[in-house]
$ cat coords38.cif   # mmCIF, C-alpha atoms
data_start
#
loop_
_atom_site.group_PDB
_atom_site.id
_atom_site.type_symbol
_atom_site.label_atom_id
_atom_site.label_comp_id
_atom_site.auth_asym_id
_atom_site.auth_seq_id
_atom_site.Cartn_x
_atom_site.Cartn_y
_atom_site.Cartn_z
ATOM 1 C CA MET A 293 146.580 55.573 156.319
ATOM 2 C CA ALA A 294 148.327 53.609 159.033
ATOM 3 C CA ALA A 295 147.788 49.864 158.892
ATOM 4 C CA PHE A 296 145.417 48.141 161.291
ATOM 5 C CA SER A 297 146.716 45.230 163.328
ATOM 6 C CA SER A 298 146.371 41.807 161.718
ATOM 7 C CA THR A 299 143.811 40.895 164.386
ATOM 8 C CA LEU A 300 141.537 43.795 163.490
ATOM 9 C CA GLN A 301 142.012 43.261 159.755
ATOM 10 C CA THR A 302 140.877 39.655 160.184
ATOM 11 C CA ALA A 303 137.864 40.716 162.259
ATOM 12 C CA ILE A 304 136.782 43.341 159.719
ATOM 13 C CA ALA A 305 137.121 40.844 156.866
ATOM 14 C CA PHE A 306 135.078 38.261 158.771
ATOM 15 C CA PHE A 307 132.322 40.770 159.519
ATOM 16 C CA HIS A 308 132.291 41.842 155.873
ATOM 17 C CA SER A 309 131.895 38.219 154.766
ATOM 18 C CA LYS A 310 128.722 38.183 156.858
ATOM 19 C CA SER A 311 127.506 41.499 155.356
ATOM 20 C CA LYS A 312 128.020 43.252 158.688
ATOM 21 C CA THR A 313 130.145 46.235 159.744
ATOM 22 C CA LEU A 314 132.418 45.970 162.784
ATOM 23 C CA THR A 315 131.880 48.978 165.068
ATOM 24 C CA GLU A 316 133.614 47.844 168.270
ATOM 25 C CA GLY A 317 136.760 45.780 168.637
ATOM 26 C CA THR A 318 135.365 43.064 170.909
ATOM 27 C CA GLN A 319 132.026 42.819 169.083
ATOM 28 C CA GLU A 320 130.402 39.596 167.920
ATOM 29 C CA VAL A 321 128.814 39.419 164.462
ATOM 30 C CA TYR A 322 125.318 39.095 165.886
ATOM 31 C CA GLU A 323 125.838 42.303 167.878
ATOM 32 C CA SER A 324 126.415 44.492 164.814
ATOM 33 C CA LEU A 325 123.421 46.533 163.704
ATOM 34 C CA TYR A 326 124.971 47.836 160.497
ATOM 35 C CA LYS A 327 125.268 46.336 157.039
ATOM 36 C CA SER A 328 128.432 46.204 154.986
ATOM 37 C CA SER A 329 128.416 46.260 151.192
ATOM 38 C CA HIS A 330 128.405 42.664 150.061
ATOM 39 C CA SER A 331 127.038 40.746 147.077
ATOM 40 C CA PRO A 332 124.206 40.351 146.289
ATOM 41 C CA ILE A 333 123.269 44.009 146.548
ATOM 42 C CA GLY A 334 119.568 44.724 146.979
ATOM 43 C CA LEU A 335 117.870 46.728 144.244
ATOM 44 C CA LEU A 336 117.080 49.536 146.642
ATOM 45 C CA GLU A 337 120.846 50.000 147.162
ATOM 46 C CA VAL A 338 121.603 50.496 143.451
ATOM 47 C CA TRP A 339 122.017 54.147 142.542
ATOM 48 C CA GLY A 340 119.379 55.309 140.095
ATOM 49 C CA ASP A 341 120.869 58.729 139.301
ATOM 50 C CA ALA A 342 124.096 59.454 137.472
ATOM 51 C CA VAL A 343 126.967 61.111 139.344
ATOM 52 C CA ALA A 344 129.713 62.763 137.323
ATOM 53 C CA TYR A 345 133.416 61.966 137.560
ATOM 54 C CA ALA A 346 135.241 64.542 139.704
ATOM 55 C CA VAL A 347 138.966 64.866 139.141
ATOM 56 C CA ASP A 348 139.317 67.371 142.006
ATOM 57 C CA ILE A 349 137.383 69.193 144.733
ATOM 58 C CA ALA A 350 136.299 71.964 142.350
ATOM 59 C CA ALA A 351 134.660 69.389 140.076
ATOM 60 C CA ALA A 352 133.021 67.636 143.033
ATOM 61 C CA ASP A 353 131.694 70.947 144.352
ATOM 62 C CA ALA A 354 130.291 71.792 140.914
ATOM 63 C CA GLU A 355 128.510 68.418 140.800
ATOM 64 C CA ALA A 356 127.078 68.931 144.282
ATOM 65 C CA GLY A 357 125.863 72.367 143.244
ATOM 66 C CA SER A 358 124.035 71.149 140.139
ATOM 67 C CA ASN A 359 123.033 67.560 140.943
ATOM 68 C CA ALA A 360 120.474 66.835 143.669
ATOM 69 C CA ALA A 361 121.888 63.305 143.912
ATOM 70 C CA VAL A 362 125.091 64.709 145.455
ATOM 71 C CA THR A 363 125.115 66.578 148.768
ATOM 72 C CA LYS A 364 128.258 68.051 150.258
ATOM 73 C CA TYR A 365 128.770 68.233 154.016
ATOM 74 C CA THR A 366 131.527 70.649 155.026
ATOM 75 C CA GLN A 367 133.309 70.024 158.333
ATOM 76 C CA ALA A 368 130.122 68.494 159.707
ATOM 77 C CA ASP A 369 130.035 67.076 163.239
ATOM 78 C CA LEU A 370 130.280 63.291 163.502
ATOM 79 C CA THR A 371 128.610 61.260 166.245
ATOM 80 C CA PRO A 372 129.951 58.112 167.939
ATOM 81 C CA ILE A 373 127.997 54.943 167.163
ATOM 82 C CA PRO A 374 126.211 53.959 170.412
ATOM 83 C CA GLY A 375 128.143 51.238 172.197
ATOM 84 C CA SER A 376 131.226 51.606 169.996
ATOM 85 C CA ASN A 377 133.466 53.123 172.689
ATOM 86 C CA ASN A 378 134.344 55.899 170.220
ATOM 87 C CA GLN A 379 135.642 53.354 167.705
ATOM 88 C CA ALA A 380 133.002 54.131 165.054
ATOM 89 C CA TRP A 381 131.596 57.510 164.003
ATOM 90 C CA TYR A 382 128.726 58.480 161.697
ATOM 91 C CA LEU A 383 127.032 61.622 160.355
ATOM 92 C CA ASP A 384 123.671 62.544 161.873
ATOM 93 C CA ASP A 385 121.790 65.166 159.859
ATOM 94 C CA ALA A 386 118.744 66.264 161.879
ATOM 95 C CA GLY A 387 118.056 62.694 162.984
ATOM 96 C CA THR A 388 118.965 61.048 159.667
ATOM 97 C CA PHE A 389 121.873 58.585 159.498
ATOM 98 C CA VAL A 390 123.590 59.881 156.355
ATOM 99 C CA LYS A 391 124.703 57.093 153.998
ATOM 100 C CA PRO A 392 126.085 56.102 151.617
ATOM 101 C CA TRP A 393 129.020 58.448 151.307
ATOM 102 C CA ILE A 394 130.450 58.783 147.805
ATOM 103 C CA ALA A 395 133.834 57.077 147.563
ATOM 104 C CA PRO A 396 136.412 58.112 144.964
ATOM 105 C CA THR A 397 136.282 54.569 143.577
ATOM 106 C CA ASP A 398 132.498 54.740 143.117
ATOM 107 C CA ILE A 399 132.822 57.114 140.150
ATOM 108 C CA PRO A 400 135.940 56.221 138.117
ATOM 109 C CA ASP A 401 136.970 57.952 134.922
ATOM 110 C CA ALA A 402 135.227 56.254 132.005
ATOM 111 C CA THR A 403 138.492 55.840 130.092
ATOM 112 C CA THR A 404 141.373 55.640 132.557
ATOM 113 C CA LYS A 405 139.339 54.192 135.480
ATOM 114 C CA ALA A 406 141.142 56.626 137.788
ATOM 115 C CA PRO A 407 139.189 57.392 140.987
ATOM 116 C CA SER A 408 137.202 60.593 141.480
ATOM 117 C CA TYR A 409 139.724 62.183 143.817
ATOM 118 C CA GLY A 410 137.385 65.131 144.337
ATOM 119 C CA TYR A 411 135.032 63.006 146.461
ATOM 120 C CA GLN A 412 137.752 62.103 148.983
ATOM 121 C CA LEU A 413 136.647 62.445 152.629
ATOM 122 C CA TYR A 414 138.615 64.729 154.965
ATOM 123 C CA LEU A 415 138.597 64.149 158.726
ATOM 124 C CA TYR A 416 139.182 66.850 161.332
ATOM 125 C CA GLN A 417 139.419 67.346 165.054
ATOM 126 C CA GLN A 418 136.785 69.580 166.619
ATOM 127 C CA ASP A 419 139.141 72.578 166.348
ATOM 128 C CA LEU A 420 139.447 71.884 162.561
ATOM 129 C CA THR A 421 142.933 70.408 162.788
ATOM 130 C CA LEU A 422 143.174 68.069 159.799
ATOM 131 C CA ILE A 423 143.696 64.401 160.706
ATOM 132 C CA THR A 424 145.955 62.975 158.025
ATOM 133 C CA PRO A 425 145.682 59.374 156.800
ATOM 134 C CA THR A 426 148.924 58.443 158.605
ATOM 135 C CA GLU A 427 147.761 59.664 162.020
ATOM 136 C CA GLY A 428 146.226 57.086 164.329
ATOM 137 C CA ARG A 429 144.577 53.960 162.941
ATOM 138 C CA TRP A 430 141.339 54.726 161.140
ATOM 139 C CA ALA A 431 139.550 53.768 157.970
ATOM 140 C CA ILE A 432 136.503 54.936 156.036
ATOM 141 C CA ASP A 433 133.548 52.690 155.235
ATOM 142 C CA TYR A 434 131.838 54.801 152.576
ATOM 143 C CA PHE A 435 128.968 52.365 152.056
ATOM 144 C CA ALA A 436 128.108 52.118 155.759
ATOM 145 C CA GLY A 437 128.744 55.832 156.288
ATOM 146 C CA MET A 438 131.250 55.342 159.118
ATOM 147 C CA ILE A 439 134.748 56.146 160.286
ATOM 148 C CA GLN A 440 136.205 53.087 162.039
ATOM 149 C CA MET A 441 139.065 53.241 164.565
ATOM 150 C CA GLU A 442 141.113 50.599 166.323
ATOM 151 C CA VAL A 443 141.021 49.977 170.079
ATOM 152 C CA GLY A 444 143.613 52.211 171.730
ATOM 153 C CA PHE A 445 143.554 54.665 168.820
ATOM 154 C CA THR A 446 140.254 56.461 169.408
ATOM 155 C CA PRO A 447 140.082 60.264 169.632
ATOM 156 C CA VAL A 448 140.037 59.939 173.442
ATOM 157 C CA ASP A 449 143.158 57.748 173.411
ATOM 158 C CA LEU A 450 145.009 60.121 171.086
ATOM 159 C CA GLY A 451 143.879 63.327 172.746
ATOM 160 C CA TRP A 452 142.026 64.621 169.699
ATOM 161 C CA ALA A 453 139.452 67.347 170.245
ATOM 162 C CA THR A 454 135.917 66.030 169.709
ATOM 163 C CA PRO A 455 133.406 65.800 168.212
ATOM 164 C CA LEU A 456 135.249 64.761 165.081
ATOM 165 C CA LYS A 457 134.267 66.578 161.906
ATOM 166 C CA ALA A 458 134.305 65.506 158.275
ATOM 167 C CA THR A 459 134.000 67.033 154.856
ATOM 168 C CA LEU A 460 132.368 64.498 152.572
ATOM 169 C CA TYR A 461 129.921 63.985 149.721
ATOM 170 C CA ALA A 462 126.825 61.832 150.234
ATOM 171 C CA TYR A 463 124.655 60.176 147.601
ATOM 172 C CA THR A 464 121.180 61.637 148.107
ATOM 173 C CA GLY A 465 119.566 60.617 144.838
ATOM 174 C CA ASN A 466 117.100 57.928 143.859
ATOM 175 C CA PHE A 467 117.623 54.194 144.121
ATOM 176 C CA ILE A 468 116.516 51.534 141.651
ATOM 177 C CA SER A 469 112.900 50.443 142.145
ATOM 178 C CA GLY A 470 110.327 48.673 140.030
ATOM 179 C CA THR A 471 107.050 50.288 139.052
ATOM 180 C CA GLY A 472 105.765 48.063 136.247
ATOM 181 C CA PRO A 473 103.214 45.257 136.734
ATOM 182 C CA ILE A 474 104.195 41.594 136.645
ATOM 183 C CA GLY A 475 104.617 40.475 133.054
ATOM 184 C CA SER A 476 105.733 43.878 131.774
ATOM 185 C CA THR A 477 109.018 45.777 131.719
ATOM 186 C CA PRO A 478 109.273 47.799 134.946
ATOM 187 C CA ASP A 479 110.978 51.139 135.285
ATOM 188 C CA PHE A 480 114.441 49.814 136.088
ATOM 189 C CA LYS A 481 116.950 52.083 134.392
ATOM 190 C CA LEU A 482 120.675 52.666 134.619
ATOM 191 C CA ASP A 483 122.665 55.005 132.364
ATOM 192 C CA GLY A 484 119.487 55.819 130.471
ATOM 193 C CA GLY A 485 118.493 52.293 129.424
ATOM 194 C CA PRO A 486 116.430 49.446 130.881
ATOM 195 C CA ILE A 487 118.549 46.781 132.524
ATOM 196 C CA ILE A 488 115.945 44.470 134.045
ATOM 197 C CA GLN A 489 112.856 42.816 132.606
ATOM 198 C CA THR A 490 110.065 40.988 134.376
ATOM 199 C CA PRO A 491 109.227 37.516 133.011
ATOM 200 C CA PRO A 492 105.860 35.854 133.664
ATOM 201 C CA ASN A 493 107.149 34.026 136.742
ATOM 202 C CA GLY A 494 107.361 37.305 138.625
ATOM 203 C CA TYR A 495 111.142 37.282 139.123
ATOM 204 C CA PHE A 496 113.369 40.119 137.984
ATOM 205 C CA GLU A 497 116.013 38.909 135.537
ATOM 206 C CA LEU A 498 119.392 40.427 134.763
ATOM 207 C CA ASP A 499 121.695 38.830 132.186
ATOM 208 C CA GLY A 500 119.735 35.613 132.412
ATOM 209 C CA GLY A 501 119.982 35.259 136.202
ATOM 210 C CA SER A 502 117.129 35.652 138.637
ATOM 211 C CA ILE A 503 117.060 38.085 141.521
ATOM 212 C CA VAL A 504 114.123 38.593 143.820
#
$ encode --input "coords38.cif" --output "structure tokens"
Amino acid sequence: MAAFSSTLQTAIAFFHSKSKTLTEGTQEVYESLYKSSHSPIGLLEVWGDAVAYAVDIAAADAEAGSNAAVTKYTQADLTPIPGSNNQAWYLDDAGTFVKPWIAPTDIPDATTKAPSYGYQLYLYQQDLTLITPTEGRWAIDYFAGMIQMEVGFTPVDLGWATPLKATLYAYTGNFISGTGPIGSTPDFKLDGGPIIQTPPNGYFELDGGSIV
């Protein structure tokens, strides 16, 4: 998609370094209400259910049809983030802010590491005219569940019919959580095996490091 200005790229990078998502071009970090994916990731943000690699849309649709952890939204209406001046858009499903969206890079091929192209998001104008990646200046934040646009390149500025619509796949499965008592091995599992154990001090340990 078309490149953002260097000013906006710098702002987005700075917000990301603070684990925040920029939703309006003149925003200060403390004004952002939305988190960006940034290490360390909380346990409740770690996917607990497997999602299959999808080489194309047919494979992604098959996964959404058989796996409750994957939900497809087809040309669903997007809503502007309040106060964003139409620079950030999200998916509201009956009052629920839908996130995270599944990014192609979230589920790479186990051997080639190629992205799951089937999970690619498609953006449309209200009249279902496809908005290609080279039109305007917009980017997808799959983790935050947002479409971000630069000042001067919003749908209003470009004369696009609104509300915007998107076809996307959302992760709607379980997230990692601990159920075991202190001093035992809790129910932390990934890819079918336990990955975290609980030592007597009450901290969760992974590869020798402590995470609370």
$ residues_around --input "coords38.cif" --residues "region 368-371 of chain A" --least-positions-apart "3" --cutoff "7 Å" --atoms "all atoms listed in the file" --output "PDB file with C-alpha atoms, keeping the file's coordinate frame"
ATOM      1  CA  TYR A 365     128.770  68.233 154.016  1.00  0.00           C
ATOM      2  CA  TRP A 381     131.596  57.510 164.003  1.00  0.00           C
ATOM      3  CA  TYR A 382     128.726  58.480 161.697  1.00  0.00           C
ATOM      4  CA  LEU A 383     127.032  61.622 160.355  1.00  0.00           C
ATOM      5  CA  ASP A 384     123.671  62.544 161.873  1.00  0.00           C
ATOM      6  CA  PRO A 455     133.406  65.800 168.212  1.00  0.00           C
ATOM      7  CA  LEU A 456     135.249  64.761 165.081  1.00  0.00           C
ATOM      8  CA  LYS A 457     134.267  66.578 161.906  1.00  0.00           C
ATOM      9  CA  ALA A 458     134.305  65.506 158.275  1.00  0.00           C
ATOM     10  CA  THR A 459     134.000  67.033 154.856  1.00  0.00           C
TER      11      THR A 459
END
$ closest_residue --input "coords38.cif" --among "A:Met438, A:Val347, A:Ala294, A:Leu460" --to "Asp401 (chain A)" --atoms "all atoms listed in the file"
A:Val347
$ closest_residue --input "coords38.cif" --among "A:Met441, A:Ile468, A:Leu325, A:Ala361" --to "Ala380 (chain A)" --atoms "all atoms listed in the file"
A:Met441
$ resolve_selection --input "coords38.cif" --expression "the PyMOL selection byres ((chain A and resi 360) around 12)" --output "number ranges by chain"
A: 341-344, 353-359, 361-364, 461-466
$ closest_residue --input "coords38.cif" --among "A:Val443, A:Leu420, A:Ala436, A:Ala402" --to "Ser297 (chain A)" --atoms "all atoms listed in the file"
A:Val443
$ atom_distance --input "coords38.cif" --atom1 "CA of Ser309 (chain A)" --atom2 "CA of Ser328 (chain A)"
8.7 Å
$ closest_residue --input "coords38.cif" --among "A:Ala352, A:Phe389, A:His308, A:Lys327" --to "Ile373 (chain A)" --atoms "only C-alpha atoms"
A:Phe389
$ atom_distance --input "coords38.cif" --atom1 "CA of Phe296 (chain A)" --atom2 "CA of Tyr411 (chain A)"
23.4 Å
$ atom_distance --input "coords38.cif" --atom1 "CA of Asn378 (chain A)" --atom2 "CA of Asp449 (chain A)"
9.6 Å
$ closest_residue --input "coords38.cif" --among "A:Ile349, A:Thr426, A:Ala395, A:Phe467" --to "Leu336 (chain A)" --atoms "only C-alpha atoms"
A:Phe467
$ axis_aligned_box --input "coords38.cif" --around "region 415-423 of chain A" --padding-each-side "8 Å" --output "JSON"
{"center_x": 140.2, "center_y": 68.4, "center_z": 162.7, "size_x": 22.9, "size_y": 24.4, "size_z": 23.9}
$ closest_residue --input "coords38.cif" --among "A:Gln417, A:Gln379, A:Gln367, A:Ser298" --to "Gln319 (chain A)" --atoms "only C-alpha atoms"
A:Gln379
$ resolve_selection --input "coords38.cif" --expression "the PyMOL selection byres ((chain A and resi 430) around 6)" --output "PyMOL selection string"
chain A and resi 429+431+440-441
$ write_last_selection --input "coords38.cif" --atoms "C-alpha atoms" --output "PDB file, keeping the file's coordinate frame"
ATOM      1  CA  ARG A 429     144.577  53.960 162.941  1.00  0.00           C
ATOM      2  CA  ALA A 431     139.550  53.768 157.970  1.00  0.00           C
ATOM      3  CA  GLN A 440     136.205  53.087 162.039  1.00  0.00           C
ATOM      4  CA  MET A 441     139.065  53.241 164.565  1.00  0.00           C
TER       5      MET A 441
END
$ resolve_selection --input "coords38.cif" --expression "the PyMOL selection byres ((chain A and resi 397) around 8)" --output "number ranges by chain"
A: 395-396, 398-400, 406-408
